[in-house]
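Data from query18.txt: compact mmCIF, C-alpha atoms and all ligand atoms
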```
# COMPACT_ATOMS: atom_id res chain seq x y z
CA MET V 1 -67.78 -42.36 56.30
CA GLU V 2 -68.65 -45.53 54.40
CA GLN V 3 -69.66 -44.86 50.83
CA THR V 4 -72.60 -46.81 49.43
CA THR V 5 -71.83 -47.97 45.92
CA ARG V 6 -74.28 -46.74 43.37
CA ARG V 7 -75.17 -49.13 40.55
CA LYS V 8 -74.96 -47.50 37.16
CA ILE V 9 -78.21 -46.66 35.42
CA SER V 10 -79.32 -47.66 31.93
CA TYR V 11 -82.20 -45.73 30.36
CA SER V 12 -83.97 -46.11 27.03
CA GLY V 13 -87.29 -45.74 25.25
CA ILE V 14 -89.21 -46.96 22.22
CA GLN V 15 -92.14 -45.42 20.38
CA PRO V 16 -95.38 -47.36 20.24
CA SER V 17 -96.10 -46.16 16.71
CA GLY V 18 -96.80 -49.32 14.75
CA VAL V 19 -95.10 -52.68 15.03
CA ILE V 20 -91.83 -53.38 16.80
CA HIS V 21 -89.45 -54.78 14.23
CA LEU V 22 -86.32 -56.85 14.17
CA ALA V 23 -84.09 -53.77 13.80
CA ASN V 24 -85.50 -52.33 17.05
CA TYR V 25 -84.58 -55.59 18.71
CA ILE V 26 -81.09 -55.90 17.24
CA GLY V 27 -80.23 -52.21 17.49
CA ALA V 28 -81.66 -51.56 20.94
CA LEU V 29 -83.85 -54.03 22.83
CA ARG V 30 -81.30 -56.83 23.04
CA ASN V 31 -78.94 -54.39 24.77
CA TRP V 32 -81.69 -53.23 27.10
CA VAL V 33 -82.09 -56.84 28.14
CA ALA V 34 -78.36 -57.55 28.45
CA LEU V 35 -77.69 -54.45 30.56
CA GLN V 36 -80.16 -55.63 33.20
CA GLU V 37 -77.41 -57.90 34.55
CA GLU V 38 -75.18 -55.07 35.71
CA TYR V 39 -77.24 -51.89 35.68
CA ASP V 40 -80.34 -50.53 37.33
CA CYS V 41 -82.57 -50.13 34.31
CA PHE V 42 -85.38 -47.81 33.32
CA TYR V 43 -87.17 -48.60 30.09
CA CYS V 44 -90.07 -46.69 28.70
CA ILE V 45 -92.79 -46.89 26.05
CA VAL V 46 -92.77 -43.29 24.82
CA ASP V 47 -96.42 -42.62 24.02
CA MET V 48 -95.94 -38.84 24.42
CA HIS V 49 -93.36 -38.90 21.65
CA ALA V 50 -95.68 -40.92 19.44
CA ILE V 51 -98.28 -38.13 19.25
CA THR V 52 -95.83 -35.86 17.42
CA VAL V 53 -97.33 -37.57 14.37
CA ARG V 54 -101.09 -38.05 14.12
CA GLN V 55 -102.29 -41.24 15.83
CA ASP V 56 -105.63 -42.96 15.98
CA PRO V 57 -106.33 -42.96 19.76
CA ARG V 58 -107.56 -46.54 19.86
CA ASP V 59 -104.55 -47.78 17.88
CA LEU V 60 -102.13 -45.81 20.03
CA ARG V 61 -103.52 -47.33 23.21
CA GLU V 62 -103.36 -50.86 21.79
CA ASN V 63 -99.89 -50.32 20.29
CA THR V 64 -98.64 -49.04 23.64
CA ILE V 65 -99.86 -52.17 25.42
CA ALA V 66 -98.52 -54.37 22.61
CA ALA V 67 -95.10 -52.68 22.76
CA TYR V 68 -95.03 -53.17 26.52
CA ALA V 69 -95.88 -56.86 26.20
CA MET V 70 -93.28 -57.26 23.45
CA GLY V 71 -90.64 -55.71 25.69
CA VAL V 72 -91.40 -58.24 28.40
CA ALA V 73 -91.51 -61.06 25.83
CA CYS V 74 -88.04 -60.02 24.63
CA GLY V 75 -86.66 -60.30 28.14
CA ILE V 76 -87.22 -57.06 30.02
CA ASP V 77 -87.84 -58.10 33.59
CA PRO V 78 -90.60 -55.81 34.91
CA VAL V 79 -89.70 -56.57 38.51
CA LYS V 80 -85.96 -56.09 38.30
CA SER V 81 -86.17 -53.11 35.92
CA ILE V 82 -88.48 -50.14 36.01
CA PHE V 83 -90.48 -50.64 32.82
CA TYR V 84 -93.25 -48.10 32.36
CA ILE V 85 -95.34 -45.94 30.06
CA GLN V 86 -94.05 -42.39 29.58
CA SER V 87 -97.38 -40.59 30.11
CA HIS V 88 -97.67 -42.30 33.53
CA ALA V 89 -94.83 -40.14 34.84
CA PRO V 90 -95.96 -36.51 34.29
CA ALA V 91 -92.54 -35.11 35.23
CA HIS V 92 -91.40 -35.98 31.68
CA GLY V 93 -93.66 -33.32 30.17
CA GLU V 94 -92.87 -30.90 32.97
CA LEU V 95 -89.11 -31.20 32.61
CA ALA V 96 -89.39 -31.02 28.82
CA TRP V 97 -91.02 -27.61 29.20
CA VAL V 98 -88.25 -26.33 31.44
CA LEU V 99 -85.54 -27.70 29.16
CA ASN V 100 -87.26 -26.15 26.12
CA CYS V 101 -86.41 -22.82 27.70
CA TYR V 102 -82.72 -23.78 27.75
CA THR V 103 -82.48 -25.19 24.21
CA PRO V 104 -81.62 -22.89 21.33
CA PHE V 105 -83.90 -23.03 18.30
CA GLY V 106 -80.90 -23.46 16.01
CA GLU V 107 -79.76 -26.67 17.72
CA LEU V 108 -83.17 -28.26 17.20
CA GLY V 109 -83.29 -27.14 13.57
CA ARG V 110 -80.19 -29.21 12.86
CA MET V 111 -81.77 -32.51 13.94
CA THR V 112 -81.90 -34.84 10.93
CA GLN V 113 -84.89 -36.77 12.30
CA PHE V 114 -86.88 -33.52 12.40
CA LYS V 115 -85.91 -32.75 8.82
CA GLU V 116 -86.87 -36.26 7.66
CA LYS V 117 -90.16 -36.32 9.55
CA SER V 118 -91.06 -32.84 8.28
CA GLU V 119 -90.76 -34.26 4.78
CA THR V 120 -92.80 -37.40 5.44
CA HIS V 121 -95.44 -35.50 7.46
CA ALA V 122 -95.48 -32.25 5.52
CA ASP V 123 -99.15 -31.68 6.42
CA ASN V 124 -98.43 -31.73 10.16
CA ILE V 125 -95.11 -30.09 11.03
CA ASN V 126 -96.08 -29.28 14.60
CA ALA V 127 -94.10 -27.72 17.46
CA GLY V 128 -93.95 -31.09 19.27
CA LEU V 129 -92.14 -32.63 16.32
CA PHE V 130 -89.61 -29.83 16.56
CA THR V 131 -89.04 -30.12 20.31
CA TYR V 132 -89.22 -33.93 20.28
CA PRO V 133 -85.52 -34.31 21.24
CA VAL V 134 -86.02 -32.07 24.28
CA LEU V 135 -88.65 -34.47 25.64
CA GLN V 136 -86.16 -37.26 24.96
CA ALA V 137 -83.51 -35.37 26.95
CA ALA V 138 -86.04 -34.97 29.79
CA ASP V 139 -86.72 -38.74 29.77
CA ILE V 140 -83.05 -39.50 30.17
CA LEU V 141 -82.04 -36.74 32.59
CA LEU V 142 -84.86 -37.39 35.06
CA TYR V 143 -83.34 -40.71 36.09
CA ASP V 144 -79.67 -39.88 36.58
CA SER V 145 -78.87 -42.15 33.63
CA ASP V 146 -75.31 -43.24 32.85
CA VAL V 147 -75.87 -45.12 29.60
CA VAL V 148 -78.53 -45.02 26.93
CA PRO V 149 -78.69 -48.14 24.73
CA VAL V 150 -79.94 -47.08 21.28
CA GLY V 151 -79.42 -47.66 17.58
CA GLU V 152 -77.19 -45.36 15.56
CA ASP V 153 -80.08 -43.17 14.37
CA GLN V 154 -80.46 -41.82 17.91
CA LYS V 155 -76.84 -40.67 18.23
CA GLN V 156 -77.62 -37.06 17.32
CA HIS V 157 -80.48 -36.87 19.85
CA LEU V 158 -78.16 -38.25 22.51
CA GLU V 159 -75.56 -35.62 21.69
CA LEU V 160 -78.24 -32.95 22.11
CA SER V 161 -79.31 -34.44 25.47
CA ARG V 162 -75.71 -34.20 26.61
CA ASN V 163 -75.46 -30.58 25.46
CA ILE V 164 -78.66 -29.69 27.28
CA ALA V 165 -77.40 -31.31 30.50
CA VAL V 166 -74.01 -29.61 30.30
CA ARG V 167 -75.57 -26.20 29.59
CA PHE V 168 -78.02 -26.52 32.47
CA ASN V 169 -75.29 -27.70 34.86
CA GLY V 170 -73.16 -24.75 33.75
CA ILE V 171 -75.83 -22.38 35.01
CA TYR V 172 -77.17 -24.18 38.11
CA GLY V 173 -74.42 -26.52 39.29
CA ASP V 174 -74.33 -30.29 38.93
CA VAL V 175 -78.02 -31.06 38.58
CA PHE V 176 -77.90 -33.67 35.81
CA ARG V 177 -75.62 -36.61 35.13
CA VAL V 178 -74.32 -36.34 31.55
CA PRO V 179 -75.33 -39.61 29.82
CA GLU V 180 -73.30 -41.70 27.37
CA PRO V 181 -74.82 -43.43 24.37
CA PHE V 182 -74.46 -47.23 24.33
CA ILE V 183 -74.34 -48.29 20.68
CA SER V 184 -73.31 -51.79 19.56
CA LYS V 185 -70.43 -52.08 17.12
CA SER V 186 -72.49 -54.41 14.99
CA GLY V 187 -76.22 -54.15 14.35
CA ALA V 188 -76.68 -50.50 15.31
CA ARG V 189 -78.03 -49.77 11.86
CA ILE V 190 -80.04 -52.59 10.30
CA MET V 191 -80.99 -51.86 6.72
CA SER V 192 -84.24 -52.34 4.79
CA LEU V 193 -84.58 -55.76 3.14
CA ALA V 194 -86.06 -54.07 0.06
CA ASP V 195 -83.42 -51.35 -0.25
CA PRO V 196 -80.14 -51.87 1.62
CA ALA V 197 -79.28 -48.20 1.20
CA LYS V 198 -82.13 -47.26 3.59
CA LYS V 199 -82.46 -48.18 7.26
CA MET V 200 -85.13 -50.67 8.29
CA SER V 201 -88.03 -48.56 9.49
CA LYS V 202 -91.53 -49.17 10.81
CA SER V 203 -92.85 -46.25 8.81
CA ASP V 204 -91.78 -47.85 5.52
CA PRO V 205 -94.93 -48.41 3.44
CA ASN V 206 -93.43 -51.59 1.94
CA PRO V 207 -93.97 -54.41 4.50
CA ARG V 208 -91.34 -56.55 2.71
CA SER V 209 -88.70 -54.06 3.80
CA TYR V 210 -88.91 -55.01 7.48
CA ILE V 211 -89.44 -58.02 9.71
CA SER V 212 -92.08 -57.46 12.35
CA MET V 213 -91.37 -59.25 15.63
CA LEU V 214 -94.81 -60.82 15.06
CA ASP V 215 -94.38 -61.98 11.45
CA PRO V 216 -95.37 -65.62 11.02
CA ARG V 217 -92.67 -68.11 9.97
CA ASP V 218 -93.69 -68.26 6.28
CA THR V 219 -93.73 -64.49 6.00
CA VAL V 220 -90.27 -64.20 7.56
CA ILE V 221 -88.81 -66.77 5.17
CA LYS V 222 -90.52 -65.18 2.16
CA LYS V 223 -89.20 -61.73 3.08
CA PHE V 224 -85.62 -62.98 3.39
CA LYS V 225 -85.91 -64.93 0.14
CA SER V 226 -86.86 -61.73 -1.66
CA ALA V 227 -84.29 -59.55 0.16
CA VAL V 228 -82.40 -57.29 -2.25
CA THR V 229 -78.69 -58.16 -2.45
CA ASP V 230 -76.26 -57.81 -5.38
CA SER V 231 -75.39 -59.58 -8.62
CA GLU V 232 -72.43 -61.54 -7.23
CA SER V 233 -72.72 -64.92 -5.51
CA GLU V 234 -70.11 -64.96 -2.75
CA VAL V 235 -71.33 -64.66 0.85
CA CYS V 236 -68.71 -62.40 2.42
CA PHE V 237 -68.65 -59.21 4.48
CA ARG V 238 -67.20 -56.53 2.28
CA GLU V 239 -67.68 -52.84 1.50
CA GLY V 240 -70.20 -52.35 -1.27
CA LYS V 241 -72.12 -55.53 -0.46
CA ASP V 242 -74.69 -53.71 1.69
CA GLY V 243 -77.49 -56.23 1.25
CA ILE V 244 -75.34 -59.25 2.10
CA ASN V 245 -73.58 -57.42 4.94
CA ASN V 246 -76.98 -56.63 6.43
CA LEU V 247 -78.12 -60.25 6.22
CA MET V 248 -74.82 -61.39 7.76
CA ILE V 249 -75.30 -59.02 10.70
CA ILE V 250 -78.85 -60.28 11.27
CA TYR V 251 -77.80 -63.93 10.95
CA GLY V 252 -74.81 -63.31 13.23
CA VAL V 253 -77.09 -61.99 15.99
CA VAL V 254 -79.87 -64.58 15.80
CA ALA V 255 -77.59 -67.60 15.23
CA GLY V 256 -74.70 -66.36 17.41
CA LYS V 257 -72.09 -66.67 14.65
CA THR V 258 -69.14 -64.52 13.59
CA ASN V 259 -68.64 -63.24 10.05
CA ASN V 260 -65.80 -65.72 9.52
CA GLU V 261 -67.98 -68.60 10.60
CA ILE V 262 -70.75 -67.46 8.26
CA GLU V 263 -68.35 -67.05 5.34
CA ARG V 264 -67.01 -70.57 5.91
CA GLU V 265 -70.48 -72.04 6.29
CA PHE V 266 -71.59 -70.66 2.92
CA ALA V 267 -68.36 -70.94 0.92
CA GLY V 268 -69.22 -72.24 -2.54
CA ARG V 269 -72.96 -72.07 -1.88
CA GLY V 270 -75.11 -69.38 -3.47
CA TYR V 271 -77.22 -66.58 -2.04
CA GLY V 272 -80.34 -68.77 -2.22
CA ASP V 273 -79.06 -71.15 0.47
CA PHE V 274 -77.83 -68.27 2.60
CA LYS V 275 -81.11 -66.34 2.47
CA MET V 276 -83.02 -69.50 3.37
CA ALA V 277 -80.75 -70.09 6.38
CA VAL V 278 -81.17 -66.50 7.56
CA GLY V 279 -84.96 -66.71 7.17
CA GLU V 280 -85.17 -69.97 9.08
CA SER V 281 -82.89 -68.81 11.89
CA VAL V 282 -84.83 -65.58 12.33
CA ALA V 283 -88.12 -67.52 12.36
CA ASP V 284 -86.70 -69.96 14.95
CA PHE V 285 -85.46 -67.04 17.01
CA LEU V 286 -88.81 -65.21 16.93
CA SER V 287 -90.99 -68.22 17.68
CA PRO V 288 -90.52 -68.39 21.51
CA ILE V 289 -90.72 -64.58 21.76
CA GLN V 290 -94.04 -64.63 19.88
CA GLU V 291 -95.37 -67.39 22.10
CA LYS V 292 -94.49 -65.44 25.21
CA TYR V 293 -95.98 -62.26 23.72
CA HIS V 294 -99.32 -63.92 22.94
CA GLY V 295 -99.42 -65.39 26.44
CA LEU V 296 -98.89 -61.94 27.96
CA MET V 297 -101.48 -60.30 25.74
CA ALA V 298 -103.97 -62.95 26.88
CA ASP V 299 -103.24 -62.06 30.51
CA ARG V 300 -103.98 -58.34 30.60
CA ALA V 301 -104.29 -58.28 34.37
CA TYR V 302 -100.69 -59.42 34.72
CA ILE V 303 -99.11 -56.90 32.34
CA GLU V 304 -101.37 -54.13 33.61
CA GLY V 305 -100.01 -54.87 37.09
CA CYS V 306 -96.49 -54.61 35.68
CA TRP V 307 -96.92 -51.25 33.95
CA LYS V 308 -98.80 -49.80 36.93
CA SER V 309 -96.06 -50.71 39.35
CA GLY V 310 -93.40 -49.52 36.87
CA GLY V 311 -95.30 -46.23 36.55
CA GLU V 312 -95.46 -45.78 40.30
CA ARG V 313 -91.75 -46.35 40.75
CA ALA V 314 -90.89 -44.05 37.81
CA ARG V 315 -93.17 -41.32 39.17
CA ALA V 316 -91.55 -41.37 42.59
CA ILE V 317 -88.02 -41.00 41.20
CA SER V 318 -88.81 -38.51 38.44
CA ASN V 319 -90.83 -36.29 40.78
CA ARG V 320 -87.82 -36.01 43.04
CA THR V 321 -85.56 -34.85 40.20
CA MET V 322 -88.27 -32.47 39.05
CA ALA V 323 -88.53 -30.88 42.49
CA THR V 324 -84.78 -30.19 42.44
CA VAL V 325 -84.99 -28.66 38.97
CA LEU V 326 -87.92 -26.39 39.89
CA GLU V 327 -86.08 -25.24 42.97
CA LYS V 328 -82.93 -24.51 40.94
CA VAL V 329 -84.71 -22.40 38.32
CA GLY V 330 -86.55 -20.37 40.96
CA MET V 331 -90.07 -21.74 41.38
CA VAL V 332 -91.82 -21.37 44.74
CA ARG V 333 -92.06 -24.71 46.53
CA ARG V 334 -95.53 -26.33 46.30
P1 LIG A 1 -87.64 -45.65 17.96
O1 LIG A 1 -88.95 -46.00 18.58
O2 LIG A 1 -87.65 -45.11 16.58
O3 LIG A 1 -86.67 -46.92 17.96
C1 LIG A 1 -86.42 -47.68 19.12
C2 LIG A 1 -84.97 -48.13 19.12
O4 LIG A 1 -84.69 -48.91 17.94
C3 LIG A 1 -83.54 -48.40 17.31
N1 LIG A 1 -83.67 -48.60 15.84
C4 LIG A 1 -82.76 -49.22 15.08
N2 LIG A 1 -81.60 -49.82 15.39
C5 LIG A 1 -80.89 -50.39 14.38
N3 LIG A 1 -81.30 -50.36 13.07
C6 LIG A 1 -82.46 -49.75 12.72
N4 LIG A 1 -82.86 -49.74 11.44
C7 LIG A 1 -83.25 -49.15 13.75
N5 LIG A 1 -84.44 -48.49 13.76
C8 LIG A 1 -84.67 -48.15 15.05
C9 LIG A 1 -83.53 -46.92 17.65
O5 LIG A 1 -82.23 -46.37 17.51
C10 LIG A 1 -84.00 -46.93 19.08
O6 LIG A 1 -82.93 -47.16 19.96
N6 LIG A 1 -86.50 -41.21 19.98
C11 LIG A 1 -86.48 -42.64 20.22
C12 LIG A 1 -87.26 -43.06 21.44
C13 LIG A 1 -86.89 -42.40 22.72
C14 LIG A 1 -85.71 -42.62 23.50
C15 LIG A 1 -85.84 -41.81 24.65
C16 LIG A 1 -84.59 -43.42 23.31
C17 LIG A 1 -87.63 -41.50 23.40
N7 LIG A 1 -87.02 -41.14 24.55
C18 LIG A 1 -84.85 -41.78 25.63
C19 LIG A 1 -83.59 -43.39 24.30
C20 LIG A 1 -83.74 -42.58 25.44
C21 LIG A 1 -87.10 -43.34 19.02
O7 LIG A 1 -87.86 -42.77 18.29
O8 LIG A 1 -86.81 -44.67 18.92
```
Let me see whether you can do it: turn the structure in this file into structure tokens.
Ligand code: TYM
Amino acid sequence: MEQTTRRKISYSGIQPSGVIHLANYIGALRNWVALQEEYDCFYCIVDMHAITVRQDPRDLRENTIAAYAMGVACGIDPVKSIFYIQSHAPAHGELAWVLNCYTPFGELGRMTQFKEKSETHADNINAGLFTYPVLQAADILLYDSDVVPVGEDQKQHLELSRNIAVRFNGIYGDVFRVPEPFISKSGARIMSLADPAKKMSKSDPNPRSYISMLDPRDTVIKKFKSAVTDSESEVCFREGKDGINNLMIIYGVVAGKTNNEIEREFAGRGYGDFKMAVGESVADFLSPIQEKYHGLMADRAYIEGCWKSGGERARAISNRTMATVLEKVGMVRR
């Protein structure tokens, strides 16, 4: 019998909690876009994950739409890829419940993101925050995903998703494909501009620590000018030079240059020149993305059409997986 070749599947998600920043782009989104060439892709705005911390409903709705438009502006093709909003495919919540029943409490307690978020949201350590990675596993496993392009901070959650899949398959047979993380060698952990020992994060109260994808040119340049580096003056990639290394990674991505090329370009010039060049390149890089984003936000009917059709396609596929899972665990067919 002739075998039909199955294209591999790429799956990933991003939270619509606050602005999308340059680290989200470098660590994840640029790979989402690149993988569209060779993979069937599913990308998701994870609004259900976002409510694990308290959200203003109006802001959440707007941020979800804004994140969707930013994804398209960055190059996600909503026709070629299935790009949708998580709450539009109810099987995510349904599978998360089932998988919760196959995930030991102890494994979830070891998740560093849970520990960190419990500290920053000490007044609201809810059960959803604890089982957050199980919903993430459900996202991934519903779509038969092969690779999951993410930044380094998601590695532990990916490992847990794999464990959950393997454990479930061990009991019920090969139900889930066991996914692999897809993490870039360079740029998987972009650091804060204000403190290069911390990762760049949208929850950082200091806006100088991150570059929003929507920051105007002047703001971008100002933020890079004030980026914390070290007391030396040589632009080179070396252990211990975390601030400079971080700027070199960012510059390398937006200007398409290698570390050697950057070192040569700035030999004998100080940090001032270098920071200015990084700021200007990032601003140049963001400008067409911002233009596209504003165009999309002004054409709600178009992006609404995109997320509705993405939602429909995601629902059809995820409902099929869900039916198999319910059958396997012993539910009576609807
Ligand atoms: P989120 O919304 O925090 O981040 C989205 C993506 O950006 C990456 N990222 C970074 N990469 C490099 N340097 C940084 N400083 C940096 N900060 C963030 C993240 O690694 C991520 O890839 N739990 C996920 C969302 C999610 C998901 C999924 C991901 C839900 N379901 C299924 C993959 C598959 C999260 O909170 O990402």
- How many Å separate CA of Phe105 (chain V) from CA of Ala138 (chain V)? 16.7 Å
- Nearby polymer residues, ligand LIG 1 (chain A), at most 7 Å, only C-alpha atoms and all ligand atoms, as an NGL selection string: :V and (11-16 or 23-28 or 46 or 49 or 135-137 or 139-140 or 148-154 or 187-191 or 199-201)
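CA of Ala50 (chain V) to CA of Ser17 (chain V) spans 5.9 Å [interatomic distance, one decimal].
For the pair CA of Tyr143 (chain V) and CA of Ile317 (chain V), the separation is 6.9 Å.
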- Task: Name all residues at most 10 Å from Phe130 (chain V) (count all atoms listed in the file; drop same-chain ones fewer than 4 positions away) and give them as a list in words.
- Result: Thr52, Phe105, Leu108, Gly109, Met111, Gln113, Phe114, Lys115, Lys117, Ser118, Ile125, Asn126 and Val134 of chain V
For Gly18 (chain V): contacts at 12 Å, all atoms listed in the file, fewer than 6 positions along chain excluded, given as a PDB file with C-alpha atoms, in the frame of the given file:
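What landed in around24.pdb:
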```
ATOM      1  CA  ASN V  24     -85.500 -52.330  17.050  1.00  0.00           C
ATOM      2  CA  ASP V  47     -96.420 -42.620  24.020  1.00  0.00           C
ATOM      3  CA  ALA V  50     -95.680 -40.920  19.440  1.00  0.00           C
ATOM      4  CA  VAL V  53     -97.330 -37.570  14.370  1.00  0.00           C
ATOM      5  CA  GLN V  55    -102.290 -41.240  15.830  1.00  0.00           C
ATOM      6  CA  ASP V  56    -105.630 -42.960  15.980  1.00  0.00           C
ATOM      7  CA  ASP V  59    -104.550 -47.780  17.880  1.00  0.00           C
ATOM      8  CA  LEU V  60    -102.130 -45.810  20.030  1.00  0.00           C
ATOM      9  CA  ARG V  61    -103.520 -47.330  23.210  1.00  0.00           C
ATOM     10  CA  GLU V  62    -103.360 -50.860  21.790  1.00  0.00           C
ATOM     11  CA  ASN V  63     -99.890 -50.320  20.290  1.00  0.00           C
ATOM     12  CA  THR V  64     -98.640 -49.040  23.640  1.00  0.00           C
ATOM     13  CA  ILE V  65     -99.860 -52.170  25.420  1.00  0.00           C
ATOM     14  CA  ALA V  66     -98.520 -54.370  22.610  1.00  0.00           C
ATOM     15  CA  ALA V  67     -95.100 -52.680  22.760  1.00  0.00           C
ATOM     16  CA  SER V 201     -88.030 -48.560   9.490  1.00  0.00           C
ATOM     17  CA  LYS V 202     -91.530 -49.170  10.810  1.00  0.00           C
ATOM     18  CA  SER V 203     -92.850 -46.250   8.810  1.00  0.00           C
ATOM     19  CA  ASP V 204     -91.780 -47.850   5.520  1.00  0.00           C
ATOM     20  CA  PRO V 205     -94.930 -48.410   3.440  1.00  0.00           C
ATOM     21  CA  PRO V 207     -93.970 -54.410   4.500  1.00  0.00           C
ATOM     22  CA  SER V 212     -92.080 -57.460  12.350  1.00  0.00           C
ATOM     23  CA  MET V 213     -91.370 -59.250  15.630  1.00  0.00           C
ATOM     24  CA  LEU V 214     -94.810 -60.820  15.060  1.00  0.00           C
TER      25      LEU V 214
END
```
- Message: Give me the residues near Trp307 (chain V) as a list in words, where near means some atom within 12 Å (using all atoms listed in the file) and where sequence neighbours in that chain fewer than 6 positions away do not count.
- Response: Tyr43, Cys44, Ile45, Thr64, Ile65, Ala66, Ala67, Tyr68, Ala69, Gly71, Val72, Ile76, Asp77, Pro78, Val79, Ser81, Ile82, Phe83, Tyr84, Ile85, Gln86, Ser87, His88, Ala89, Arg300, Ala301, Arg313, Ala314 and Arg315 of chain V
- Message: Which residues are close to Thr324 (chain V), i.e. within 9 Å by all atoms listed in the file, leaving aside same-chain residues fewer than 5 positions away? Reply as a list of chain:residue names.
- Response: V:Val175, V:Asn319, V:Val329
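Using only C-alpha atoms for every distance, the candidate list V:Tyr271, V:Leu99, V:Asp195, V:Glu263 yields V:Tyr271 as the residue closest to Ser231 (chain V).
Proximity to Asn245 (chain V) was assessed for V:Ala165, V:Ala197, V:Val220, V:Ala127 counting all atoms listed in the file; the smallest distance is recorded for V:Ala197.
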Quick test: take region 216-221 of chain V, keep all heavy atoms, and write it as a PDB file, in the first residue's frame.
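Writing done, so here's out01.pdb:
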```
ATOM      1  N   PRO V 216       8.367  52.984  20.347  1.00  0.00           N
ATOM      2  CA  PRO V 216       8.784  53.886  19.275  1.00  0.00           C
ATOM      3  C   PRO V 216      10.314  53.972  19.173  1.00  0.00           C
ATOM      4  O   PRO V 216      11.031  53.649  20.136  1.00  0.00           O
ATOM      5  CB  PRO V 216       8.201  55.248  19.684  1.00  0.00           C
ATOM      6  CG  PRO V 216       7.527  55.071  20.986  1.00  0.00           C
ATOM      7  CD  PRO V 216       7.672  53.652  21.436  1.00  0.00           C
ATOM      8  N   ARG V 217      10.784  54.401  18.012  1.00  0.00           N
ATOM      9  CA  ARG V 217      12.218  54.457  17.721  1.00  0.00           C
ATOM     10  C   ARG V 217      13.045  55.108  18.843  1.00  0.00           C
ATOM     11  O   ARG V 217      14.026  54.536  19.307  1.00  0.00           O
ATOM     12  CB  ARG V 217      12.401  55.234  16.397  1.00  0.00           C
ATOM     13  CG  ARG V 217      13.808  55.287  15.931  1.00  0.00           C
ATOM     14  CD  ARG V 217      13.953  55.914  14.547  1.00  0.00           C
ATOM     15  NE  ARG V 217      15.298  55.626  14.099  1.00  0.00           N
ATOM     16  CZ  ARG V 217      15.646  54.538  13.432  1.00  0.00           C
ATOM     17  NH1 ARG V 217      14.738  53.660  13.089  1.00  0.00           N
ATOM     18  NH2 ARG V 217      16.900  54.312  13.117  1.00  0.00           N
ATOM     19  N   ASP V 218      12.626  56.297  19.270  1.00  0.00           N
ATOM     20  CA  ASP V 218      13.397  57.030  20.304  1.00  0.00           C
ATOM     21  C   ASP V 218      13.516  56.215  21.582  1.00  0.00           C
ATOM     22  O   ASP V 218      14.552  56.202  22.230  1.00  0.00           O
ATOM     23  CB  ASP V 218      12.678  58.334  20.681  1.00  0.00           C
ATOM     24  CG  ASP V 218      12.725  59.323  19.553  1.00  0.00           C
ATOM     25  OD1 ASP V 218      13.342  58.995  18.518  1.00  0.00           O
ATOM     26  OD2 ASP V 218      12.131  60.418  19.703  1.00  0.00           O
ATOM     27  N   THR V 219      12.407  55.578  21.953  1.00  0.00           N
ATOM     28  CA  THR V 219      12.404  54.787  23.188  1.00  0.00           C
ATOM     29  C   THR V 219      13.377  53.620  23.064  1.00  0.00           C
ATOM     30  O   THR V 219      14.138  53.324  23.988  1.00  0.00           O
ATOM     31  CB  THR V 219      10.973  54.238  23.456  1.00  0.00           C
ATOM     32  OG1 THR V 219      10.067  55.327  23.360  1.00  0.00           O
ATOM     33  CG2 THR V 219      10.860  53.575  24.804  1.00  0.00           C
ATOM     34  N   VAL V 220      13.355  52.963  21.906  1.00  0.00           N
ATOM     35  CA  VAL V 220      14.247  51.813  21.687  1.00  0.00           C
ATOM     36  C   VAL V 220      15.699  52.267  21.846  1.00  0.00           C
ATOM     37  O   VAL V 220      16.489  51.653  22.582  1.00  0.00           O
ATOM     38  CB  VAL V 220      14.030  51.208  20.278  1.00  0.00           C
ATOM     39  CG1 VAL V 220      15.083  50.157  19.957  1.00  0.00           C
ATOM     40  CG2 VAL V 220      12.634  50.602  20.172  1.00  0.00           C
ATOM     41  N   ILE V 221      16.036  53.364  21.183  1.00  0.00           N
ATOM     42  CA  ILE V 221      17.424  53.834  21.215  1.00  0.00           C
ATOM     43  C   ILE V 221      17.814  54.229  22.643  1.00  0.00           C
ATOM     44  O   ILE V 221      18.887  53.861  23.135  1.00  0.00           O
ATOM     45  CB  ILE V 221      17.629  54.978  20.192  1.00  0.00           C
ATOM     46  CG1 ILE V 221      17.495  54.379  18.778  1.00  0.00           C
ATOM     47  CG2 ILE V 221      18.970  55.670  20.383  1.00  0.00           C
ATOM     48  CD1 ILE V 221      17.509  55.369  17.649  1.00  0.00           C
TER      49      ILE V 221
END
```
